[in-house]
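Below: one structure, written as structure tokens.
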Amino acid sequence: MIPGFQRATAVTLAQYQTLKAAARRYPFRAALALPALVLLYVLLLIPFTPGIGDLRKAKSEAPSVLLALDGSTLVEYKRINRQWVTLDQISPEVVNALIATEDRRFYEHHGIDVRRLAGAALSTLSGELQGGSTLTQQLARNLFPEEIGRSATLTRKLKEAITALKIEAVYSKREILETYLNTVPFLYNAFGIEMAARTYFDTSADQLDVLESATLIGMLKGTSYYNPVQNPERAKQRRNLVLEQMAKNGSLDPARVKALSKRPLRLDFERQVEAPGLAPHVAQHLRKWLIDWADRRDYDLQADGLRVYTTLDGGLQKAANQALTRQLNYLQTLADGRRKAGQEPAVLQAGFLAMDPRDGAVRAWVGSRDFAQEQFDHVSQARRQPGSTFKPFVYGAAFMQGMSPSDTFMDQPVAISSPGTEVWTPSDATPPSYQPTSLRSGLVYSKNTITAQLMQKVGPKRVGELAQAMGVRQSKLDLVPSLALGTSPVTLIEMVTAYSTLANGGSYFAPHLVLRVEDRNGKLLEQFAPVTEREPAMPRAQALTLVNVMRGVIDEGTGSAIRYRYGIQADVAGKTGTTQDNTDGWFIMMNPQLVAGARVGFNDNSVTMGSWGQGARSALPMVGEVFQQAFRNRWLDPKVEFDIPRPKPPAPPEPEPLPESEPQQDPLSGLVNDLMDRLKPLLGE
């Protein structure tokens with residue numbers, strides 16, 4: 001109880017015994033004093049009921065929305081599953097049924113129906129419990145359940161009546177009806193008449209007929225008791241009673257009641273699941289930060305209708321959602337095909353992230369294949385070994401030490417020992433050639449033996465420091481030789497951030513998502529300017545050299561499908577990655593305007609993928625499709641190039657084996673392999 005109210009009632013109760021004794025001695029005076037005491041009690045309650053400001057806020061409650069760059073809605077922050085509709089968007093039959101059943105003199109009273117209240121009191125005294133609340137009193141209870149309460153006490157009824165009078169003083173009858181119908185609960189997480197219409201009859205509020213309207217309004221006496229799904233006969237009887245009340249009130253022809261009462265309920269029931277929106281993982285990622293931001297400024301994220309503009313590109317986000325879903329559906333058929341009979345199917349998951357390397361703005365973020373089934377975020381939460389996508393840090397550190405892409409190491413067996421660890425013997429998919437191999441070829445064709453030797457020369461400490469400076473800042477890296485092949489788990493957002501640092505010439509920008517926050521009327525509340533000061537992470541000359549080498553991955557190496565399958569001829573560079581036994585597949589691609597990466601794998605990293613799990617075949621198609629859409633729709637300028645001359649078209653690929661079990665593909669064989677992969681589920685392994 002509120003302290004002030006407690007003190008006030010304490011004084012009143014302390015005087016009770018004195019008043020009781022005085023009433024016996026002076027009954028006439030006591031009779032005159034009773035109304036005065038009731039009035040005093042009412043006056044004491046007024047400060048402890050919702051004020052005008054509370055009423056306005058409750059009526060105008062609206063979810064905040066997360067918006068893309070173009071102003072399109074990505075997701076809503078709702079308190080409850082409700083779709084607000086105006087009174088004009090609600091069938092007149094609903095209003096007629098509501099007034100006829102719940103409050104026939106609604107348009108005549110000012111919040112309290114004295115006649116109905118007196119009748120209810122007499123009925124209650126005679127032993128038949130009957131409610132006397134008007135629609136406005138019910139609305140007061142719905143809007144302020146905590147302040148008014150639900151207990152059957154005089155105090156609650158008085159609070160309810162006082163609040164109803166305040167509501168009537170502030171709002172018109174139409175506004176009261178609209179608010180009531182949009183706030184009343186209908187079970188199954190359906191709040192308001194629109195969600196009720198969708199849930200029980202698969203229609204909208206403006207299309208409800210007289211039978212459907214009577215069924216829904218009939219539920220209001222007791223939603224569980226008259227639940228048409230669980231108690232259809234009881235709900236039908238209640239519906240028919242509502243029809244009779246409508247006829248008595250003159251809103252329904254009495255001649256129709258008998259025929260209508262014989263009709264079945266004809267439900268079309270389906271629980272209404274809240275749409276996750278285009279970017280549910282982004283909404284989840286930002287929720288806590290936005291709630292804290294709103295709390296500090298006395299806003300309610302779920303009620304004040306804030307407009308939060310993000311850096312996300314609506315077109316790119318939609319393309320990323322579609323690409324990830326399409327590719328995982330295809331890969332899932334391959335995964336299910338190799339599961340043994342009787343085994344539970346393992347579900348593949350993936351993450352996708354795209355960033356603008358010029359300022360760190362996130363353009364697309366997909367955390368899983370289906371947010372409803374998997375809220376775990378495979379962009380920011382999942383830490384997995386990055387495989388060969390980590391190799392550029394080794395080569396970048398080497399270039400910073402003065403080495404050149406033309407420097408060579410012998411392609412031969414390698415055995416590396418370090419204190420406290422076993423001897424490390426990395427190998428490639430095919431036997432060594434025993435030929436001098438350039439650093440460029442070592443990275444383009446992802447040679448493990450060359451990368452391991454380079455790591456030995458540069459040292460794990462320098463490689464770890466460079467990776468951290470470029471963006472791998474949350475995950476702990478084990479500074480051991482095998483780090484060269486990506487053995488330390490990291491997140492996708494860290495890797496895409498690091499590649500963005502590389503794409504812009506060596507400057508680190510922290511990824512950011514929020515541009516500005518406005519109130520519901522468009523008034524700017526706060527602007528979040530991106531960091532424009534560059535944080536040097538890698539010298540520009542060496543960063544561009546590394547980018548130039550990684551162009552070769554796309555032109556002739558493990559990422560060549562970008563050219564021959566997706567037809568992308570713009571200036572891009574990238575790297576594939578596949579971990580031990582094809583557990584995870586990675587691909588990250590860079591352009592001066594966009595960097596995008598994807599990772600594919602099972603949640604249980606003891607479950608491995610088949611040969612189709614290689615990064616070039618599992619993750620690359622997602623990135624390739626999004627970039628293809630971006631260039632096709634001119635979201636990216638295909639003429640923009642990195643600030644280092646592109647090499648001449650490459651000669652036919654060197655006959656060197658590719659590590660990671662990733663076969664080197666020429667255009668024809670690649671197309672044939674891709675076709676065979678798609679036919680396997682139909683033909684059988």
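In the structure tokens, the first chain shown is A, the next is B, and so on; residue numbers restart at 1 for each chain, and ligands run from 1 in the order shown.
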If you take only C-alpha atoms and a cut-off of 9 Å, which residues of segment 432-484 of chain A touch segment 401-420 of chain A, and what are their nearest atom pairs and distances in Å to one decimal, in chain and number order, as JSON lines?
{"residue": "A:Pro432", "atom": "CA", "partner": "A:Gln412", "partner_atom": "CA", "distance": 5.2}
{"residue": "A:Ser433", "atom": "CA", "partner": "A:Asp411", "partner_atom": "CA", "distance": 5.8}
{"residue": "A:Tyr434", "atom": "CA", "partner": "A:Asp411", "partner_atom": "CA", "distance": 4.8}
{"residue": "A:Gln435", "atom": "CA", "partner": "A:Asp411", "partner_atom": "CA", "distance": 5.5}
{"residue": "A:Pro436", "atom": "CA", "partner": "A:Met410", "partner_atom": "CA", "distance": 4.4}
{"residue": "A:Thr437", "atom": "CA", "partner": "A:Thr408", "partner_atom": "CA", "distance": 5.0}
{"residue": "A:Ser438", "atom": "CA", "partner": "A:Thr408", "partner_atom": "CA", "distance": 4.1}
{"residue": "A:Leu439", "atom": "CA", "partner": "A:Pro405", "partner_atom": "CA", "distance": 4.9}
{"residue": "A:Arg440", "atom": "CA", "partner": "A:Pro405", "partner_atom": "CA", "distance": 4.8}
{"residue": "A:Ser441", "atom": "CA", "partner": "A:Pro405", "partner_atom": "CA", "distance": 8.3}
{"residue": "A:Gly442", "atom": "CA", "partner": "A:Phe409", "partner_atom": "CA", "distance": 8.8}
{"residue": "A:Lys447", "atom": "CA", "partner": "A:Asp411", "partner_atom": "CA", "distance": 8.5}
{"residue": "A:Thr449", "atom": "CA", "partner": "A:Val414", "partner_atom": "CA", "distance": 6.3}
{"residue": "A:Ile450", "atom": "CA", "partner": "A:Phe409", "partner_atom": "CA", "distance": 6.3}
{"residue": "A:Ala452", "atom": "CA", "partner": "A:Val414", "partner_atom": "CA", "distance": 7.6}
{"residue": "A:Gln453", "atom": "CA", "partner": "A:Val414", "partner_atom": "CA", "distance": 7.4}
{"residue": "A:Leu454", "atom": "CA", "partner": "A:Phe409", "partner_atom": "CA", "distance": 8.1}
{"residue": "A:Gln456", "atom": "CA", "partner": "A:Ile416", "partner_atom": "CA", "distance": 7.9}
{"residue": "A:Val458", "atom": "CA", "partner": "A:Gln401", "partner_atom": "CA", "distance": 7.7}
{"residue": "A:Val480", "atom": "CA", "partner": "A:Ser418", "partner_atom": "CA", "distance": 8.0}
{"residue": "A:Pro481", "atom": "CA", "partner": "A:Ile416", "partner_atom": "CA", "distance": 7.7}
Export all heavy atoms of the chosen residues as a short mmCIF file (atom, residue, chain, number, x, y, z; two decimals), in the first residue's frame?
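Written out: out-v7.cif:
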data_model
loop_
_atom_site.label_atom_id
_atom_site.label_comp_id
_atom_site.auth_asym_id
_atom_site.auth_seq_id
_atom_site.Cartn_x
_atom_site.Cartn_y
_atom_site.Cartn_z
N PRO A 432 53.30 -33.01 -51.04
CA PRO A 432 54.06 -31.80 -51.37
C PRO A 432 54.73 -31.92 -52.74
O PRO A 432 55.07 -33.02 -53.19
CB PRO A 432 55.08 -31.69 -50.25
CG PRO A 432 55.20 -33.07 -49.70
CD PRO A 432 53.85 -33.70 -49.86
N SER A 433 54.93 -30.77 -53.39
CA SER A 433 55.54 -30.75 -54.73
C SER A 433 57.05 -30.66 -54.68
O SER A 433 57.72 -30.87 -55.69
CB SER A 433 54.99 -29.56 -55.52
OG SER A 433 55.41 -28.34 -54.93
N TYR A 434 57.61 -30.30 -53.52
CA TYR A 434 59.05 -30.08 -53.35
C TYR A 434 59.55 -29.02 -54.32
O TYR A 434 60.69 -29.09 -54.80
CB TYR A 434 59.82 -31.39 -53.51
CG TYR A 434 59.50 -32.40 -52.43
CD1 TYR A 434 58.55 -33.39 -52.66
CD2 TYR A 434 60.12 -32.34 -51.18
CE1 TYR A 434 58.22 -34.32 -51.67
CE2 TYR A 434 59.80 -33.27 -50.19
CZ TYR A 434 58.85 -34.25 -50.44
OH TYR A 434 58.52 -35.15 -49.46
N GLN A 435 58.70 -28.04 -54.61
CA GLN A 435 59.06 -26.93 -55.48
C GLN A 435 58.96 -25.62 -54.71
O GLN A 435 58.14 -25.49 -53.80
CB GLN A 435 58.12 -26.87 -56.69
CG GLN A 435 58.17 -28.08 -57.61
CD GLN A 435 59.52 -28.21 -58.29
OE1 GLN A 435 60.12 -27.22 -58.73
NE2 GLN A 435 60.03 -29.45 -58.37
N PRO A 436 59.82 -24.63 -55.07
CA PRO A 436 59.68 -23.32 -54.45
C PRO A 436 58.29 -22.75 -54.75
O PRO A 436 57.83 -22.80 -55.88
CB PRO A 436 60.78 -22.48 -55.12
CG PRO A 436 61.74 -23.47 -55.68
CD PRO A 436 60.92 -24.67 -56.06
N THR A 437 57.63 -22.23 -53.73
CA THR A 437 56.27 -21.70 -53.87
C THR A 437 56.23 -20.30 -53.28
O THR A 437 56.67 -20.09 -52.14
CB THR A 437 55.26 -22.60 -53.16
OG1 THR A 437 55.35 -23.93 -53.71
CG2 THR A 437 53.83 -22.09 -53.34
N SER A 438 55.69 -19.35 -54.03
CA SER A 438 55.65 -17.96 -53.56
C SER A 438 54.62 -17.79 -52.45
O SER A 438 53.68 -18.59 -52.30
CB SER A 438 55.30 -17.03 -54.72
OG SER A 438 53.96 -17.25 -55.15
N LEU A 439 54.81 -16.72 -51.68
CA LEU A 439 53.82 -16.41 -50.65
C LEU A 439 52.46 -16.13 -51.28
O LEU A 439 51.42 -16.49 -50.72
CB LEU A 439 54.27 -15.20 -49.83
CG LEU A 439 55.56 -15.37 -49.00
CD1 LEU A 439 55.76 -14.15 -48.10
CD2 LEU A 439 55.51 -16.64 -48.16
N ARG A 440 52.48 -15.51 -52.46
CA ARG A 440 51.21 -15.26 -53.13
C ARG A 440 50.47 -16.57 -53.40
O ARG A 440 49.29 -16.72 -53.08
CB ARG A 440 51.44 -14.51 -54.44
CG ARG A 440 50.14 -14.22 -55.19
CD ARG A 440 50.38 -13.61 -56.56
NE ARG A 440 49.10 -13.29 -57.19
CZ ARG A 440 48.31 -14.15 -57.82
NH1 ARG A 440 48.69 -15.44 -57.91
NH2 ARG A 440 47.17 -13.77 -58.35
N SER A 441 51.17 -17.54 -53.96
CA SER A 441 50.54 -18.83 -54.24
C SER A 441 50.15 -19.54 -52.95
O SER A 441 49.12 -20.22 -52.88
CB SER A 441 51.49 -19.73 -55.05
OG SER A 441 51.70 -19.18 -56.33
N GLY A 442 50.96 -19.36 -51.91
CA GLY A 442 50.65 -19.99 -50.63
C GLY A 442 49.31 -19.54 -50.09
O GLY A 442 48.56 -20.34 -49.52
N LYS A 447 47.89 -22.93 -49.10
CA LYS A 447 48.84 -23.99 -48.78
C LYS A 447 49.17 -23.99 -47.29
O LYS A 447 49.75 -23.05 -46.76
CB LYS A 447 50.12 -23.79 -49.59
CG LYS A 447 49.94 -23.92 -51.10
CD LYS A 447 49.80 -25.37 -51.51
CE LYS A 447 51.07 -26.13 -51.26
NZ LYS A 447 50.94 -27.55 -51.69
N THR A 449 51.37 -25.96 -45.70
CA THR A 449 52.80 -26.10 -45.44
C THR A 449 53.53 -24.77 -45.59
O THR A 449 54.42 -24.44 -44.81
CB THR A 449 53.43 -27.14 -46.38
OG1 THR A 449 53.14 -26.78 -47.74
CG2 THR A 449 52.89 -28.53 -46.10
N ILE A 450 53.13 -23.98 -46.57
CA ILE A 450 53.76 -22.68 -46.79
C ILE A 450 53.38 -21.73 -45.65
O ILE A 450 54.22 -21.02 -45.10
CB ILE A 450 53.34 -22.08 -48.15
CG1 ILE A 450 53.71 -23.03 -49.29
CG2 ILE A 450 53.97 -20.71 -48.35
CD1 ILE A 450 55.20 -23.36 -49.37
N ALA A 452 52.49 -22.49 -42.61
CA ALA A 452 53.13 -22.92 -41.36
C ALA A 452 54.58 -22.44 -41.29
O ALA A 452 55.04 -21.98 -40.25
CB ALA A 452 53.06 -24.44 -41.24
N GLN A 453 55.30 -22.57 -42.41
CA GLN A 453 56.68 -22.10 -42.43
C GLN A 453 56.75 -20.59 -42.24
O GLN A 453 57.63 -20.07 -41.55
CB GLN A 453 57.34 -22.48 -43.76
CG GLN A 453 57.54 -23.98 -43.93
CD GLN A 453 58.12 -24.33 -45.28
OE1 GLN A 453 59.30 -24.05 -45.56
NE2 GLN A 453 57.30 -24.92 -46.15
N LEU A 454 55.79 -19.89 -42.85
CA LEU A 454 55.75 -18.44 -42.71
C LEU A 454 55.45 -18.06 -41.26
O LEU A 454 56.05 -17.12 -40.72
CB LEU A 454 54.69 -17.85 -43.65
CG LEU A 454 54.62 -16.33 -43.74
CD1 LEU A 454 55.93 -15.75 -44.24
CD2 LEU A 454 53.47 -15.90 -44.65
N GLN A 456 56.26 -19.74 -38.66
CA GLN A 456 57.47 -20.01 -37.89
C GLN A 456 58.45 -18.84 -38.01
O GLN A 456 59.13 -18.49 -37.04
CB GLN A 456 58.12 -21.30 -38.40
CG GLN A 456 59.15 -21.90 -37.45
CD GLN A 456 59.60 -23.26 -37.91
OE1 GLN A 456 59.45 -23.62 -39.10
NE2 GLN A 456 60.16 -24.05 -37.02
N VAL A 458 57.59 -15.57 -38.82
CA VAL A 458 57.02 -14.32 -38.29
C VAL A 458 56.81 -14.41 -36.78
O VAL A 458 57.06 -13.45 -36.05
CB VAL A 458 55.68 -14.00 -39.00
CG1 VAL A 458 55.01 -12.79 -38.37
CG2 VAL A 458 55.91 -13.77 -40.48
N VAL A 480 50.16 -19.95 -30.45
CA VAL A 480 50.93 -21.15 -30.77
C VAL A 480 51.04 -21.24 -32.29
O VAL A 480 50.27 -20.59 -33.02
CB VAL A 480 50.25 -22.41 -30.20
CG1 VAL A 480 50.25 -22.36 -28.67
CG2 VAL A 480 48.83 -22.54 -30.71
N PRO A 481 51.98 -22.03 -32.81
CA PRO A 481 52.16 -22.10 -34.26
C PRO A 481 50.90 -22.46 -35.04
O PRO A 481 50.64 -21.92 -36.12
CB PRO A 481 53.25 -23.17 -34.43
CG PRO A 481 54.05 -23.07 -33.17
CD PRO A 481 53.05 -22.77 -32.10
#
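The residue that comes closest to Arg473 of chain A, out of A:Thr491, A:Asn227, A:Gln207, A:Asn548 and on the basis of only C-alpha atoms, is A:Thr491.
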key: Residue neighbourhood Val595 of chain A, 6 Å, only C-alpha atoms, exclusion window fewer than 6 positions, as JSON, numbers by chain   = {"A": [354, 355, 500, 589]}
Only C-alpha atoms, please: the residues just picked out, written as a compact mmCIF listing (two decimals), in the first residue's frame.
# COMPACT_ATOMS: atom_id res chain seq x y z
CA ALA A 354 27.90 -7.45 -44.09
CA MET A 355 29.67 -4.19 -43.19
CA SER A 500 36.88 -4.52 -43.23
CA MET A 589 34.79 -11.34 -49.39
task = Pull the alpha helix (DSSP H) assignments for segment 300-469 of chain A out of DSSP run on the backbone, and list those residues as number ranges by chain.
result = A: 314-338, 391-400, 439-444, 448-458, 460-469
query = Can you list, as a list of chain:residue names, every residue of segment 188-391 of chain A that DSSP puts in strand (DSSP E)?
reply = A:Arg307, A:Val308, A:Tyr309, A:Thr310, A:Leu348, A:Gln349, A:Ala350, A:Gly351, A:Phe352, A:Leu353, A:Ala354, A:Met355, A:Asp356, A:Ala361, A:Val362, A:Arg363, A:Ala364, A:Trp365, A:Val366
request  = Please indicate the distance in Å from atom CA of Tyr226 of chain A to atom CA of Leu98 of chain A, rounded to one decimal place.
outcome  = 15.5 Å
Against segment 63-79 of chain A, which residues of segment 316-382 of chain A fall within 10 Å? For each one I want the closest pair of atoms and the distance in Å (one decimal), counting only C-alpha atoms, rows by chain and increasing residue number, as CSV.
residue,atom,partner,partner_atom,distance
A:Gln317,CA,A:Ala68,CA,9.1
A:Lys318,CA,A:Leu74,CA,9.9
A:Arg363,CA,A:Ala68,CA,9.1
A:Ala364,CA,A:Ala68,CA,9.9
Keeping only N, CA and C atoms, write those residues as a short mmCIF file (atom, residue, chain, number, x, y, z; two decimals), in the first residue's frame.
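selection_1.cif written:
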data_model
loop_
_atom_site.label_atom_id
_atom_site.label_comp_id
_atom_site.auth_asym_id
_atom_site.auth_seq_id
_atom_site.Cartn_x
_atom_site.Cartn_y
_atom_site.Cartn_z
N GLN A 317 19.59 -6.62 -46.35
CA GLN A 317 19.13 -7.50 -45.28
C GLN A 317 18.19 -8.56 -45.82
N LYS A 318 17.27 -8.14 -46.68
CA LYS A 318 16.33 -9.10 -47.26
C LYS A 318 17.07 -10.11 -48.14
N ARG A 363 25.53 -3.45 -42.47
CA ARG A 363 24.50 -3.34 -43.51
C ARG A 363 23.52 -4.52 -43.52
N ALA A 364 23.95 -5.68 -43.06
CA ALA A 364 23.07 -6.85 -43.00
C ALA A 364 23.59 -7.78 -41.92
#
query = Phe509 of chain A: which residues within 7 Å, counting only C-alpha atoms, same-chain residues fewer than 3 positions away excluded, as a list of chain:residue names?
reply =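 Those residues are A:Asp359, A:Gly360, A:Thr501, A:Glu535.
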For the selection you just gave me, I'd like the residues written to a file as a PDB file, in the first residue's frame, keeping N, CA and C atoms.
ATOM      1  N   ASP A 359      33.356   2.903 -42.714  1.00  0.00           N
ATOM      2  CA  ASP A 359      33.045   3.490 -41.408  1.00  0.00           C
ATOM      3  C   ASP A 359      32.573   2.471 -40.374  1.00  0.00           C
ATOM      4  N   GLY A 360      32.514   1.207 -40.727  1.00  0.00           N
ATOM      5  CA  GLY A 360      32.096   0.180 -39.777  1.00  0.00           C
ATOM      6  C   GLY A 360      30.598  -0.003 -39.651  1.00  0.00           C
ATOM      7  N   THR A 501      38.811  -3.830 -41.941  1.00  0.00           N
ATOM      8  CA  THR A 501      40.023  -3.055 -41.690  1.00  0.00           C
ATOM      9  C   THR A 501      40.984  -3.186 -42.862  1.00  0.00           C
ATOM     10  N   GLU A 535      41.693   4.515 -36.734  1.00  0.00           N
ATOM     11  CA  GLU A 535      42.571   3.861 -35.763  1.00  0.00           C
ATOM     12  C   GLU A 535      43.500   2.941 -36.540  1.00  0.00           C
TER      13      GLU A 535
END
message = I'd like the contact shell of segment 350-352 of chain A - 9 Å cut-off, only C-alpha atoms, skipping same-chain residues fewer than 6 positions apart - returned as a list of chain:residue names.
response =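 Counting only the stated atoms, we get A:Ala320, A:Asn321, A:Leu324, A:Leu328, A:Ala364, A:Trp365, A:Val366, A:Gly367, A:Ser368, A:Arg369, A:Asp377, A:His378, A:Val379, A:Ser380, A:Ala382, A:Leu492, A:Ile493, A:Ala596, A:Gly597, A:Ala598, A:Arg599, A:Val600, A:Gly601, A:Phe602, A:Ala619, A:Met622, A:Val623.
Between atom CA of Arg82 of chain A and atom CA of Thr223 of chain A lies a distance of 16.8 Å.
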